[in-house]
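Structure first, commentary second.
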Amino acid sequence: MIDYEDFVAGIRERTGLADARQVREVTWAVLASVAPRVGPEPRRELSRALPATMRAAVVLPGRREPELAGPDDMVGEISQRLGRPTDQARALTRAVLAQLCEVDPDTAGVVSRALGPRFAGLFEPVEQPAAGPAPLTEQQMVAALGALTNWAGDNRGITRTVVLPADRHLPLIHRVRREATALNHRAMIAEHGETITFSVCAPDSGDVTKLDIKLAARIDSAVIDMAFAG
């Protein structure tokens with residue numbers, strides 16, 4: 001049987017996730033998405049190998065076996081389960097499956113063969129932590145806020161409120177959403193009268209990173225363009 005502490009510790013190291021709850025959520029999401037795709041007998045072997053606290057992740061709620069979709073479909077499902085971008089979901093999936101290969105090669109082999117050669121790439125370890133950029137330090141936050149325009153907050157999140165005529169709100173919001181999508185990120189947007197408030201923080205950890213500052217800078221540029229639009 002796989003040792004729970006070894007399994008989780010390895011996944012934490014591979015992903016860069018510091019929070020034990022997040023590590024468990026990621027592991028659970030990956031196992032729950034893998035289980036329906038491997039067939040009854042490989043699923044039973046996986047269940048027997050897993051620590052008791054994780055076995056429920058591979059129990060199917062119904063009797064019907066789903067169709068075996070491709071790796072992109074499975075990663076998309078994991079992305080939805082975790083509320084993370086697809087590229088992060090793929091890296092996290094690889095981290096969990098690579099750790100399974102390390103702690104129990106026999107069971108990992110059964111799972112890999114059951115999934116088929118199309119899924120082989122998901123069993124390769126990631127070279128860098130999968131959880132995304134590291135949070136900014138307090139000193140870095142001070143410098144970052146100084147380089148932005150009218151942003152306030154701390155390393156848990158930053159906000160900026162702008163005042164614009166109502167007819168310019170929607171074009172600005174669309175522009176900000178495009179910028180966020182280009183960065184594979186998002187900003188929270190709230191309208192009240194002639195004001196729009198933008199809030200930015202990392203959706204996974206709640207800590208501000210360089211990516212958040214980059215999005216805030218793009219929002220600044222969008223606000224300037226919209227303020228001086230003819």
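Letters for chains follow the order of the structure tokens (A, B, ...), residue numbers begin at 1 for each chain, and ligand numbers begin at 1 in the order shown.
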
Determine, counting only C-alpha atoms, which protein, DNA and RNA residues have an atom within 12 Å of an atom of A:Phe119; residues of the same chain fewer than 6 positions away are not included. Present the result as a PDB file with N, CA, C and O atoms, in the first residue's frame.
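Output below, filename part_33.pdb:
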ATOM      1  N   VAL A  34      -8.968  10.103 -13.403  1.00  0.00           N
ATOM      2  CA  VAL A  34      -8.309   8.936 -13.984  1.00  0.00           C
ATOM      3  C   VAL A  34      -9.173   7.689 -13.829  1.00  0.00           C
ATOM      4  O   VAL A  34      -9.310   6.885 -14.767  1.00  0.00           O
ATOM      5  N   ARG A  37     -11.581   6.075 -16.389  1.00  0.00           N
ATOM      6  CA  ARG A  37     -11.009   5.841 -17.710  1.00  0.00           C
ATOM      7  C   ARG A  37     -10.130   4.595 -17.785  1.00  0.00           C
ATOM      8  O   ARG A  37      -9.544   4.331 -18.827  1.00  0.00           O
ATOM      9  N   VAL A  38     -10.002   3.864 -16.688  1.00  0.00           N
ATOM     10  CA  VAL A  38      -9.062   2.737 -16.684  1.00  0.00           C
ATOM     11  C   VAL A  38      -9.728   1.369 -16.641  1.00  0.00           C
ATOM     12  O   VAL A  38      -9.046   0.355 -16.721  1.00  0.00           O
ATOM     13  N   LEU A  68     -13.776   6.259 -23.132  1.00  0.00           N
ATOM     14  CA  LEU A  68     -12.391   6.631 -22.875  1.00  0.00           C
ATOM     15  C   LEU A  68     -12.040   7.836 -23.742  1.00  0.00           C
ATOM     16  O   LEU A  68     -11.800   7.702 -24.939  1.00  0.00           O
ATOM     17  N   ALA A  69     -12.054   9.012 -23.168  1.00  0.00           N
ATOM     18  CA  ALA A  69     -11.708  10.230 -23.889  1.00  0.00           C
ATOM     19  C   ALA A  69     -10.198  10.402 -23.899  1.00  0.00           C
ATOM     20  O   ALA A  69      -9.471   9.701 -23.209  1.00  0.00           O
ATOM     21  N   GLY A  70      -9.721  11.347 -24.704  1.00  0.00           N
ATOM     22  CA  GLY A  70      -8.296  11.587 -24.821  1.00  0.00           C
ATOM     23  C   GLY A  70      -7.734  12.337 -23.635  1.00  0.00           C
ATOM     24  O   GLY A  70      -8.458  12.813 -22.761  1.00  0.00           O
ATOM     25  N   PRO A  71      -6.392  12.495 -23.597  1.00  0.00           N
ATOM     26  CA  PRO A  71      -5.749  13.181 -22.474  1.00  0.00           C
ATOM     27  C   PRO A  71      -6.191  14.630 -22.322  1.00  0.00           C
ATOM     28  O   PRO A  71      -6.297  15.134 -21.206  1.00  0.00           O
ATOM     29  N   ASP A  72      -6.449  15.314 -23.434  1.00  0.00           N
ATOM     30  CA  ASP A  72      -6.890  16.707 -23.338  1.00  0.00           C
ATOM     31  C   ASP A  72      -8.248  16.805 -22.658  1.00  0.00           C
ATOM     32  O   ASP A  72      -8.507  17.746 -21.898  1.00  0.00           O
ATOM     33  N   ASP A  73      -9.119  15.841 -22.927  1.00  0.00           N
ATOM     34  CA  ASP A  73     -10.430  15.825 -22.278  1.00  0.00           C
ATOM     35  C   ASP A  73     -10.276  15.614 -20.770  1.00  0.00           C
ATOM     36  O   ASP A  73     -10.964  16.244 -19.968  1.00  0.00           O
ATOM     37  N   MET A  74      -9.374  14.711 -20.391  1.00  0.00           N
ATOM     38  CA  MET A  74      -9.175  14.440 -18.970  1.00  0.00           C
ATOM     39  C   MET A  74      -8.570  15.656 -18.274  1.00  0.00           C
ATOM     40  O   MET A  74      -8.996  16.034 -17.174  1.00  0.00           O
ATOM     41  N   VAL A  75      -7.598  16.290 -18.906  1.00  0.00           N
ATOM     42  CA  VAL A  75      -6.998  17.489 -18.320  1.00  0.00           C
ATOM     43  C   VAL A  75      -8.038  18.601 -18.200  1.00  0.00           C
ATOM     44  O   VAL A  75      -8.073  19.326 -17.203  1.00  0.00           O
ATOM     45  N   ARG A  90      -2.696  20.514 -16.365  1.00  0.00           N
ATOM     46  CA  ARG A  90      -1.863  19.483 -17.007  1.00  0.00           C
ATOM     47  C   ARG A  90      -0.593  19.229 -16.199  1.00  0.00           C
ATOM     48  O   ARG A  90      -0.213  18.075 -15.969  1.00  0.00           O
ATOM     49  N   THR A  93      -1.471  17.377 -13.032  1.00  0.00           N
ATOM     50  CA  THR A  93      -1.777  15.977 -13.341  1.00  0.00           C
ATOM     51  C   THR A  93      -0.493  15.178 -13.498  1.00  0.00           C
ATOM     52  O   THR A  93      -0.353  14.077 -12.952  1.00  0.00           O
ATOM     53  N   ARG A  94       0.452  15.748 -14.229  1.00  0.00           N
ATOM     54  CA  ARG A  94       1.734  15.066 -14.417  1.00  0.00           C
ATOM     55  C   ARG A  94       2.463  14.879 -13.087  1.00  0.00           C
ATOM     56  O   ARG A  94       3.117  13.855 -12.864  1.00  0.00           O
ATOM     57  N   LEU A  97       0.718  11.920 -11.208  1.00  0.00           N
ATOM     58  CA  LEU A  97       0.965  10.619 -11.838  1.00  0.00           C
ATOM     59  C   LEU A  97       2.449  10.244 -11.774  1.00  0.00           C
ATOM     60  O   LEU A  97       2.788   9.062 -11.626  1.00  0.00           O
ATOM     61  N   GLY A 109       2.092   1.407 -13.541  1.00  0.00           N
ATOM     62  CA  GLY A 109       2.152   0.714 -14.821  1.00  0.00           C
ATOM     63  C   GLY A 109       0.800   0.178 -15.244  1.00  0.00           C
ATOM     64  O   GLY A 109       0.431   0.247 -16.422  1.00  0.00           O
ATOM     65  N   VAL A 111      -2.115   1.391 -14.388  1.00  0.00           N
ATOM     66  CA  VAL A 111      -2.939   2.546 -14.757  1.00  0.00           C
ATOM     67  C   VAL A 111      -2.528   3.091 -16.121  1.00  0.00           C
ATOM     68  O   VAL A 111      -3.372   3.386 -16.968  1.00  0.00           O
ATOM     69  N   SER A 112      -1.216   3.202 -16.345  1.00  0.00           N
ATOM     70  CA  SER A 112      -0.720   3.722 -17.612  1.00  0.00           C
ATOM     71  C   SER A 112      -1.124   2.841 -18.784  1.00  0.00           C
ATOM     72  O   SER A 112      -1.579   3.331 -19.826  1.00  0.00           O
ATOM     73  N   ARG A 113      -0.994   1.535 -18.634  1.00  0.00           N
ATOM     74  CA  ARG A 113      -1.378   0.614 -19.710  1.00  0.00           C
ATOM     75  C   ARG A 113      -2.878   0.666 -19.961  1.00  0.00           C
ATOM     76  O   ARG A 113      -3.327   0.564 -21.113  1.00  0.00           O
TER      77      ARG A 113
END

To test your reading of the structure, identify every residue in stretch 11-224 of chain A that backbone DSSP assigns to helix (DSSP H, G or I), and report it as a ChimeraX atom specification.
/A:11-15,20-37,40-49,52-58,71-82,86-103,105-115,117-123,138-147,166-182,210-224

Could you pull the residues within 6 Å of A:Pro51, counting only C-alpha atoms, minus those fewer than 3 positions along the same chain, as an mmCIF file with N, CA and C atoms, in the first residue's frame?
data_model
loop_
_atom_site.group_PDB
_atom_site.id
_atom_site.type_symbol
_atom_site.label_atom_id
_atom_site.label_comp_id
_atom_site.auth_asym_id
_atom_site.auth_seq_id
_atom_site.Cartn_x
_atom_site.Cartn_y
_atom_site.Cartn_z
ATOM 1 N N ILE A 2 0.428 2.271 -0.716
ATOM 2 C CA ILE A 2 1.161 3.528 -0.791
ATOM 3 C C ILE A 2 1.078 4.250 0.548
ATOM 4 N N TYR A 4 0.714 7.318 2.733
ATOM 5 C CA TYR A 4 0.050 8.613 2.503
ATOM 6 C C TYR A 4 1.043 9.770 2.599
ATOM 7 N N MET A 54 -7.799 8.054 0.550
ATOM 8 C CA MET A 54 -7.921 8.493 -0.841
ATOM 9 C C MET A 54 -8.724 7.533 -1.712
#

Taking only C-alpha atoms into account, which of A:Gly193, A:Pro105, A:Gly116, A:Gly157 comes nearest A:Leu136?
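The answer is A:Gly157, which sits nearest to A:Leu136.
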
Which residues, written as a PDB file with C-alpha atoms, in the first residue's frame, have at least one atom at most 10 Å from A:Val26, with only C-alpha atoms counted and residues fewer than 4 positions away on the same chain left out?
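Result written to result06.pdb:
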ATOM      1  CA  ILE A  11       3.301  15.767  -4.784  1.00  0.00           C
ATOM      2  CA  ARG A  12       3.856  18.877  -2.671  1.00  0.00           C
ATOM      3  CA  THR A  15       3.863  21.023  -7.544  1.00  0.00           C
ATOM      4  CA  LEU A  17       1.989  23.820  -3.348  1.00  0.00           C
ATOM      5  CA  ALA A  20      -1.801  20.589   2.519  1.00  0.00           C
ATOM      6  CA  ARG A  21      -5.478  21.107   1.645  1.00  0.00           C
ATOM      7  CA  GLN A  22      -4.557  22.177  -1.893  1.00  0.00           C
ATOM      8  CA  VAL A  30      -6.552  13.758 -10.655  1.00  0.00           C
ATOM      9  CA  LEU A  31      -7.431  10.359  -9.198  1.00  0.00           C
ATOM     10  CA  ALA A  32     -11.168  10.976  -9.627  1.00  0.00           C
ATOM     11  CA  ILE A  78      -9.326  18.246 -13.953  1.00  0.00           C
ATOM     12  CA  SER A  79      -9.090  21.936 -14.839  1.00  0.00           C
ATOM     13  CA  ARG A  81     -12.623  20.361 -10.907  1.00  0.00           C
ATOM     14  CA  LEU A  82      -9.827  22.574  -9.596  1.00  0.00           C
ATOM     15  CA  ALA A  89      -4.067  21.404 -14.583  1.00  0.00           C
ATOM     16  CA  LEU A  92      -0.481  19.180 -11.735  1.00  0.00           C
ATOM     17  CA  THR A  93      -1.777  15.977 -13.341  1.00  0.00           C
ATOM     18  CA  ALA A  95       3.005  15.753 -10.906  1.00  0.00           C
ATOM     19  CA  VAL A  96       0.468  13.414  -9.295  1.00  0.00           C
TER      20      VAL A  96
END

Quick one: distance from atom CA of A:Thr27 to atom CA of A:His185 in Å, one decimal?
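So the two atoms, atom CA of A:Thr27 and atom CA of A:His185, lie 22.6 Å apart.
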
Option closest in space to A:Ile173, from A:Pro117, A:Ala108, A:Glu191, A:Trp151 [counting only C-alpha atoms]
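The closest residue to A:Ile173 is A:Glu191.
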
Go through A:Ala227, A:Met141, A:Leu215, A:Ala147 and flag the residue nearest A:Val162, using only C-alpha atoms for the distances.
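Smallest distance to A:Val162 is found for A:Ala227.
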
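Closest approach to A:Ala114 among A:Glu45, A:Glu5, A:Val200, A:Asp207: A:Glu45, based on only C-alpha atoms.
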
Write out as a ChimeraX atom specification the residues lying within 10 Å of A:Ser47, counting only C-alpha atoms and excluding same-chain residues fewer than 3 positions away.
/A:1,31,35,41-44,50-52,54-59,107

Please measure the separation of atom CA of A:Pro171 and atom CA of A:Lys210, giving the value in Å to one decimal.
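If I compute the distance from atom CA of A:Pro171 to atom CA of A:Lys210, I get 25.7 Å.
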
Would you kindly return, as a ChimeraX atom specification, each protein, DNA or RNA residue with an atom no farther than 10 Å from any atom of A:Ala190, considering only C-alpha atoms and excluding same-chain residues fewer than 5 positions away?
/A:161,173,195-199

Excluding same-chain residues fewer than 4 positions from A:Asp220, what lies within 9 Å of it counting only C-alpha atoms, as an mmCIF file with C-alpha atoms, in the first residue's frame?
data_model
loop_
_atom_site.group_PDB
_atom_site.id
_atom_site.type_symbol
_atom_site.label_atom_id
_atom_site.label_comp_id
_atom_site.auth_asym_id
_atom_site.auth_seq_id
_atom_site.Cartn_x
_atom_site.Cartn_y
_atom_site.Cartn_z
ATOM 1 C CA LEU A 148 1.477 50.990 -10.795
ATOM 2 C CA THR A 149 -1.149 53.756 -10.920
ATOM 3 C CA ASN A 150 -3.529 54.199 -7.984
ATOM 4 C CA LEU A 215 -2.152 42.145 -15.354
ATOM 5 C CA ALA A 216 -2.531 45.261 -13.188
ATOM 6 C CA ILE A 224 -5.269 55.376 -20.049
ATOM 7 C CA ASP A 225 -6.271 54.370 -23.584
#

Pick from A:Gly121, A:Thr209, A:Asp167, A:Arg186 nearest to A:Glu138, counting only C-alpha atoms:
A:Thr209

From the options A:Val8, A:Glu13, A:Ile213, A:Ala91, which residue's atoms come nearest to A:Trp28, counting only C-alpha atoms?
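That would be A:Val8, the residue with the smallest distance to A:Trp28.
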
Pull the strand (DSSP E) assignments for stretch 124-216 of chain A out of DSSP run on the backbone, and list those residues as a ChimeraX atom specification.
/A:152-154,157-163,188-192,195-200
